[in-house]
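Trainee: This is entry-v4.cif, which holds mmCIF, N, CA and C atoms:
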data_run
#
loop_
_atom_site.label_atom_id
_atom_site.label_comp_id
_atom_site.auth_asym_id
_atom_site.auth_seq_id
_atom_site.Cartn_x
_atom_site.Cartn_y
_atom_site.Cartn_z
N MET E 180 0.54 -0.58 -6.24
CA MET E 180 -0.13 -1.25 -5.16
C MET E 180 -0.31 -0.30 -3.96
N GLU E 181 0.73 0.49 -3.72
CA GLU E 181 0.64 1.45 -2.62
C GLU E 181 -0.48 2.46 -2.84
N SER E 182 -0.66 2.88 -4.09
CA SER E 182 -1.72 3.85 -4.37
C SER E 182 -3.10 3.22 -4.19
N ILE E 183 -3.23 1.93 -4.48
CA ILE E 183 -4.50 1.24 -4.27
C ILE E 183 -4.81 1.16 -2.78
N LEU E 184 -3.81 0.79 -1.99
CA LEU E 184 -4.01 0.71 -0.54
C LEU E 184 -4.30 2.09 0.05
N SER E 185 -3.67 3.10 -0.49
CA SER E 185 -3.93 4.47 -0.04
C SER E 185 -5.38 4.86 -0.37
N LEU E 186 -5.84 4.50 -1.55
CA LEU E 186 -7.23 4.77 -1.94
C LEU E 186 -8.20 4.05 -1.00
N ILE E 187 -7.91 2.81 -0.68
CA ILE E 187 -8.77 2.06 0.24
C ILE E 187 -8.82 2.75 1.60
N ASN E 188 -7.68 3.16 2.12
CA ASN E 188 -7.65 3.87 3.40
C ASN E 188 -8.46 5.16 3.35
N GLU E 189 -8.35 5.86 2.25
CA GLU E 189 -9.09 7.10 2.08
C GLU E 189 -10.60 6.84 2.06
N ILE E 190 -11.02 5.82 1.36
CA ILE E 190 -12.44 5.46 1.31
C ILE E 190 -12.95 5.08 2.69
N ILE E 191 -12.16 4.29 3.43
CA ILE E 191 -12.55 3.88 4.78
C ILE E 191 -12.69 5.10 5.68
N ASN E 192 -11.75 6.03 5.59
CA ASN E 192 -11.83 7.26 6.41
C ASN E 192 -13.07 8.08 6.07
N VAL E 193 -13.40 8.18 4.79
CA VAL E 193 -14.59 8.91 4.38
C VAL E 193 -15.84 8.21 4.90
N LEU E 194 -15.89 6.89 4.74
CA LEU E 194 -17.04 6.15 5.25
C LEU E 194 -17.20 6.33 6.75
N PHE E 195 -16.09 6.24 7.44
CA PHE E 195 -16.14 6.36 8.90
C PHE E 195 -16.60 7.75 9.34
N SER E 196 -16.07 8.77 8.68
CA SER E 196 -16.43 10.14 9.08
C SER E 196 -17.83 10.53 8.62
N ASP E 197 -18.26 10.07 7.45
CA ASP E 197 -19.57 10.47 6.92
C ASP E 197 -20.73 9.67 7.48
N PHE E 198 -20.49 8.40 7.80
CA PHE E 198 -21.61 7.55 8.20
C PHE E 198 -21.61 7.15 9.66
N ASN E 199 -20.58 7.48 10.39
CA ASN E 199 -20.52 7.04 11.78
C ASN E 199 -21.40 7.90 12.68
N TYR E 200 -21.22 9.19 12.64
CA TYR E 200 -21.97 10.13 13.46
C TYR E 200 -21.95 9.76 14.94
N GLY E 201 -20.96 8.98 15.38
CA GLY E 201 -20.83 8.62 16.79
C GLY E 201 -21.80 7.56 17.27
N LYS E 202 -22.54 6.96 16.37
CA LYS E 202 -23.50 5.93 16.77
C LYS E 202 -22.78 4.62 17.04
N SER E 203 -23.17 3.95 18.12
CA SER E 203 -22.51 2.69 18.46
C SER E 203 -22.89 1.59 17.48
N GLU E 204 -24.09 1.63 16.89
CA GLU E 204 -24.49 0.60 15.92
C GLU E 204 -23.61 0.68 14.67
N THR E 205 -23.37 1.88 14.22
CA THR E 205 -22.54 2.08 13.03
C THR E 205 -21.09 1.73 13.33
N ARG E 206 -20.63 2.07 14.53
CA ARG E 206 -19.25 1.79 14.92
C ARG E 206 -18.98 0.28 14.90
N GLN E 207 -19.97 -0.53 15.22
CA GLN E 207 -19.81 -1.98 15.22
C GLN E 207 -19.68 -2.53 13.81
N LEU E 208 -20.22 -1.82 12.83
CA LEU E 208 -20.15 -2.27 11.44
C LEU E 208 -18.88 -1.83 10.73
N MET E 209 -18.18 -0.85 11.27
CA MET E 209 -17.01 -0.30 10.59
C MET E 209 -15.89 -1.30 10.34
N PRO E 210 -15.63 -2.28 11.23
CA PRO E 210 -14.58 -3.25 10.91
C PRO E 210 -14.87 -4.04 9.63
N PHE E 211 -16.14 -4.18 9.29
CA PHE E 211 -16.50 -4.91 8.07
C PHE E 211 -16.39 -4.04 6.83
N ALA E 212 -16.34 -2.74 7.02
CA ALA E 212 -16.26 -1.82 5.88
C ALA E 212 -14.96 -2.02 5.11
N ARG E 213 -13.84 -2.16 5.81
CA ARG E 213 -12.55 -2.34 5.13
C ARG E 213 -12.57 -3.59 4.26
N LYS E 214 -13.07 -4.69 4.81
CA LYS E 214 -13.11 -5.94 4.05
C LYS E 214 -14.00 -5.80 2.83
N SER E 215 -15.11 -5.12 2.99
CA SER E 215 -16.04 -4.93 1.87
C SER E 215 -15.43 -4.07 0.78
N VAL E 216 -14.79 -2.99 1.17
CA VAL E 216 -14.17 -2.09 0.19
C VAL E 216 -13.01 -2.81 -0.52
N GLU E 217 -12.17 -3.52 0.24
CA GLU E 217 -11.06 -4.25 -0.37
C GLU E 217 -11.56 -5.30 -1.34
N LYS E 218 -12.58 -6.03 -0.95
CA LYS E 218 -13.13 -7.08 -1.83
C LYS E 218 -13.66 -6.46 -3.11
N TYR E 219 -14.39 -5.36 -2.99
CA TYR E 219 -14.95 -4.70 -4.17
C TYR E 219 -13.85 -4.23 -5.11
N ILE E 220 -12.88 -3.51 -4.57
CA ILE E 220 -11.82 -2.94 -5.42
C ILE E 220 -10.95 -4.04 -6.03
N PHE E 221 -10.50 -4.99 -5.22
CA PHE E 221 -9.61 -6.03 -5.75
C PHE E 221 -10.32 -6.99 -6.69
N SER E 222 -11.63 -7.19 -6.52
CA SER E 222 -12.35 -8.03 -7.47
C SER E 222 -12.42 -7.35 -8.84
N ARG E 223 -12.49 -6.03 -8.83
CA ARG E 223 -12.49 -5.29 -10.10
C ARG E 223 -11.11 -5.27 -10.76
N LEU E 224 -10.07 -5.30 -9.95
CA LEU E 224 -8.70 -5.18 -10.48
C LEU E 224 -8.01 -6.52 -10.69
N HIS E 225 -8.63 -7.60 -10.29
CA HIS E 225 -7.99 -8.92 -10.29
C HIS E 225 -7.42 -9.29 -11.66
N SER E 226 -8.23 -9.24 -12.70
CA SER E 226 -7.76 -9.65 -14.03
C SER E 226 -6.64 -8.75 -14.54
N ILE E 227 -6.72 -7.46 -14.22
CA ILE E 227 -5.68 -6.53 -14.66
C ILE E 227 -4.37 -6.84 -13.93
N MET E 228 -4.46 -7.07 -12.62
CA MET E 228 -3.26 -7.36 -11.84
C MET E 228 -2.62 -8.67 -12.26
N ILE E 229 -3.43 -9.68 -12.56
CA ILE E 229 -2.90 -10.97 -13.01
C ILE E 229 -2.16 -10.81 -14.34
N SER E 230 -2.74 -10.06 -15.27
CA SER E 230 -2.07 -9.88 -16.56
C SER E 230 -0.77 -9.10 -16.41
N ILE E 231 -0.73 -8.11 -15.52
CA ILE E 231 0.51 -7.37 -15.27
C ILE E 231 1.56 -8.29 -14.67
N TYR E 232 1.15 -9.11 -13.70
CA TYR E 232 2.07 -10.05 -13.07
C TYR E 232 2.61 -11.05 -14.09
N ARG E 233 1.74 -11.58 -14.93
CA ARG E 233 2.18 -12.56 -15.95
C ARG E 233 3.18 -11.94 -16.90
N GLU E 234 2.92 -10.72 -17.33
CA GLU E 234 3.85 -10.07 -18.26
C GLU E 234 5.18 -9.77 -17.58
N LYS E 235 5.12 -9.35 -16.33
CA LYS E 235 6.35 -9.03 -15.61
C LYS E 235 7.22 -10.26 -15.40
N HIS E 236 6.60 -11.41 -15.17
CA HIS E 236 7.34 -12.63 -14.88
C HIS E 236 7.29 -13.65 -16.02
N ARG E 237 7.01 -13.18 -17.22
CA ARG E 237 6.90 -14.06 -18.39
C ARG E 237 8.18 -14.84 -18.65
N VAL E 238 9.30 -14.17 -18.59
CA VAL E 238 10.59 -14.83 -18.86
C VAL E 238 10.86 -15.91 -17.82
N ASP E 239 10.61 -15.60 -16.55
CA ASP E 239 10.81 -16.60 -15.50
C ASP E 239 9.90 -17.80 -15.70
N ASP E 240 8.65 -17.56 -16.09
CA ASP E 240 7.71 -18.66 -16.34
C ASP E 240 8.17 -19.53 -17.50
N GLU E 241 8.68 -18.89 -18.55
CA GLU E 241 9.17 -19.66 -19.70
C GLU E 241 10.39 -20.50 -19.30
N ASN E 242 11.30 -19.92 -18.55
CA ASN E 242 12.47 -20.67 -18.09
C ASN E 242 12.07 -21.84 -17.19
N PHE E 243 11.10 -21.61 -16.32
CA PHE E 243 10.61 -22.68 -15.45
C PHE E 243 9.99 -23.80 -16.27
N ALA E 244 9.19 -23.45 -17.28
CA ALA E 244 8.56 -24.46 -18.13
C ALA E 244 9.61 -25.29 -18.87
N LYS E 245 10.67 -24.63 -19.35
CA LYS E 245 11.75 -25.36 -20.03
C LYS E 245 12.44 -26.33 -19.07
N LYS E 246 12.75 -25.86 -17.87
CA LYS E 246 13.40 -26.71 -16.87
C LYS E 246 12.51 -27.89 -16.50
N ALA E 247 11.23 -27.63 -16.32
CA ALA E 247 10.30 -28.70 -15.97
C ALA E 247 10.25 -29.75 -17.06
N LEU E 248 10.27 -29.32 -18.31
CA LEU E 248 10.28 -30.25 -19.43
C LEU E 248 11.57 -31.06 -19.44
N GLU E 249 12.70 -30.42 -19.16
CA GLU E 249 13.97 -31.14 -19.08
C GLU E 249 13.94 -32.20 -17.98
N PHE E 250 13.39 -31.84 -16.83
CA PHE E 250 13.31 -32.79 -15.72
C PHE E 250 12.39 -33.96 -16.04
N GLN E 251 11.37 -33.73 -16.83
CA GLN E 251 10.45 -34.81 -17.19
C GLN E 251 11.13 -35.82 -18.11
N GLN E 252 12.12 -35.37 -18.86
CA GLN E 252 12.79 -36.25 -19.81
C GLN E 252 13.92 -37.03 -19.16
N VAL E 253 14.35 -36.64 -17.98
CA VAL E 253 15.43 -37.34 -17.28
C VAL E 253 14.83 -38.51 -16.49
N PRO E 254 15.46 -39.69 -16.56
CA PRO E 254 14.95 -40.80 -15.75
C PRO E 254 14.92 -40.42 -14.27
N PHE E 255 13.94 -40.94 -13.57
CA PHE E 255 13.68 -40.54 -12.19
C PHE E 255 14.88 -40.79 -11.28
N LEU E 256 15.50 -41.95 -11.36
CA LEU E 256 16.63 -42.26 -10.47
C LEU E 256 17.83 -41.36 -10.77
N LYS E 257 18.05 -41.09 -12.04
CA LYS E 257 19.15 -40.19 -12.41
C LYS E 257 18.87 -38.77 -11.87
N LEU E 258 17.63 -38.37 -11.92
CA LEU E 258 17.25 -37.07 -11.39
C LEU E 258 17.50 -37.01 -9.88
N LEU E 259 17.12 -38.06 -9.16
CA LEU E 259 17.35 -38.08 -7.72
C LEU E 259 18.84 -38.04 -7.39
N LYS E 260 19.64 -38.74 -8.18
CA LYS E 260 21.09 -38.70 -7.97
C LYS E 260 21.65 -37.31 -8.23
N SER E 261 21.19 -36.67 -9.29
CA SER E 261 21.71 -35.34 -9.62
C SER E 261 21.31 -34.32 -8.56
N LEU E 262 20.20 -34.54 -7.92
CA LEU E 262 19.77 -33.66 -6.84
C LEU E 262 20.36 -34.08 -5.50
N GLU E 263 21.15 -35.10 -5.52
CA GLU E 263 21.82 -35.66 -4.35
C GLU E 263 20.83 -36.11 -3.27
N VAL E 264 19.68 -36.60 -3.74
CA VAL E 264 18.72 -37.16 -2.82
C VAL E 264 19.18 -38.55 -2.40
N ILE E 265 19.68 -39.26 -3.40
CA ILE E 265 20.27 -40.56 -3.09
C ILE E 265 21.72 -40.51 -3.57
N CYS E 266 22.62 -40.88 -2.70
CA CYS E 266 24.04 -40.80 -3.04
C CYS E 266 24.53 -42.07 -3.71
N LYS E 267 24.22 -43.19 -3.13
CA LYS E 267 24.68 -44.45 -3.69
C LYS E 267 23.49 -45.39 -3.84
N LEU E 268 23.32 -45.84 -5.02
CA LEU E 268 22.22 -46.74 -5.27
C LEU E 268 22.77 -47.95 -5.98
N LYS E 269 22.57 -49.12 -5.38
CA LYS E 269 23.06 -50.36 -5.99
C LYS E 269 21.88 -51.25 -6.31
N PHE E 270 21.93 -51.83 -7.48
CA PHE E 270 20.90 -52.79 -7.89
C PHE E 270 21.51 -54.14 -8.09
#
Would it be possible to restate this file's structure as C-alpha cells?

Mentor:
Amino acid sequence: MESILSLINEIINVLFSDFNYGKSETRQLMPFARKSVEKYIFSRLHSIMISIYREKHRVDDENFAKKALEFQQVPFLKLLKSLEVICKLKF
C-alpha cells in the first residue's frame, strides 16, 4: 500500500512540475489531480486488493460465519441472557 501511495505522490509531482508552468489556471486544477489519479489507480486495483484482503482474512471470515450460525440456532432470549443484556427475566 505504501508503494502505491508513493507512486501516486510521484505522479502528482510529475503532473505538477510538467503541466503547471506557473500558470494560475493550471494551479487551480492541481487539487483535483490527486483525486483523479487516486480514483484511476484504485479503480484498476480494486478487485486485486479485495481478493488479497479476502485471502488474508479467510480464516477470520470462516470463524465469524460459524459463530453467526451458532447464534442463529440459539433462542433469542437465551442469547440475550448469555450476553448479559438481560439479567433476570421472569415470565

Trainee: Could you jot down the atom N of Arg213 (chain E) to atom N of Met180 (chain E) separation for me, Å, one decimal place?

Mentor: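 Distance between the two atoms: 18.8 Å.
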
Trainee: Using DSSP on the backbone, list every residue of chain E that comes out as helix (DSSP H, G or I), and give them as a PyMOL selection string.

Mentor: chain E and resi 181-198+203-235+237-252+255-261

Trainee: What gap, in Å, lies between CA of Ile227 (chain E) and atom C of Ala247 (chain E)?

Mentor: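 For CA of Ile227 (chain E) relative to atom C of Ala247 (chain E), the distance reads 28.3 Å.
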
Trainee: Just the number, please: distance in Å from atom C of Phe243 (chain E) to CA of Met228 (chain E), one decimal.

Mentor: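 Interatomic distance, atom C of Phe243 (chain E) to CA of Met228 (chain E): 21.6 Å.
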
Trainee: Which residue out of E:Lys260, E:Tyr232, E:Phe250, E:Ala212 has the minimum interatomic distance to Ile190 (chain E) when all atoms listed in the file are used?

Mentor: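 Ranking E:Lys260, E:Tyr232, E:Phe250, E:Ala212 by distance to Ile190 (chain E), first place goes to E:Ala212.
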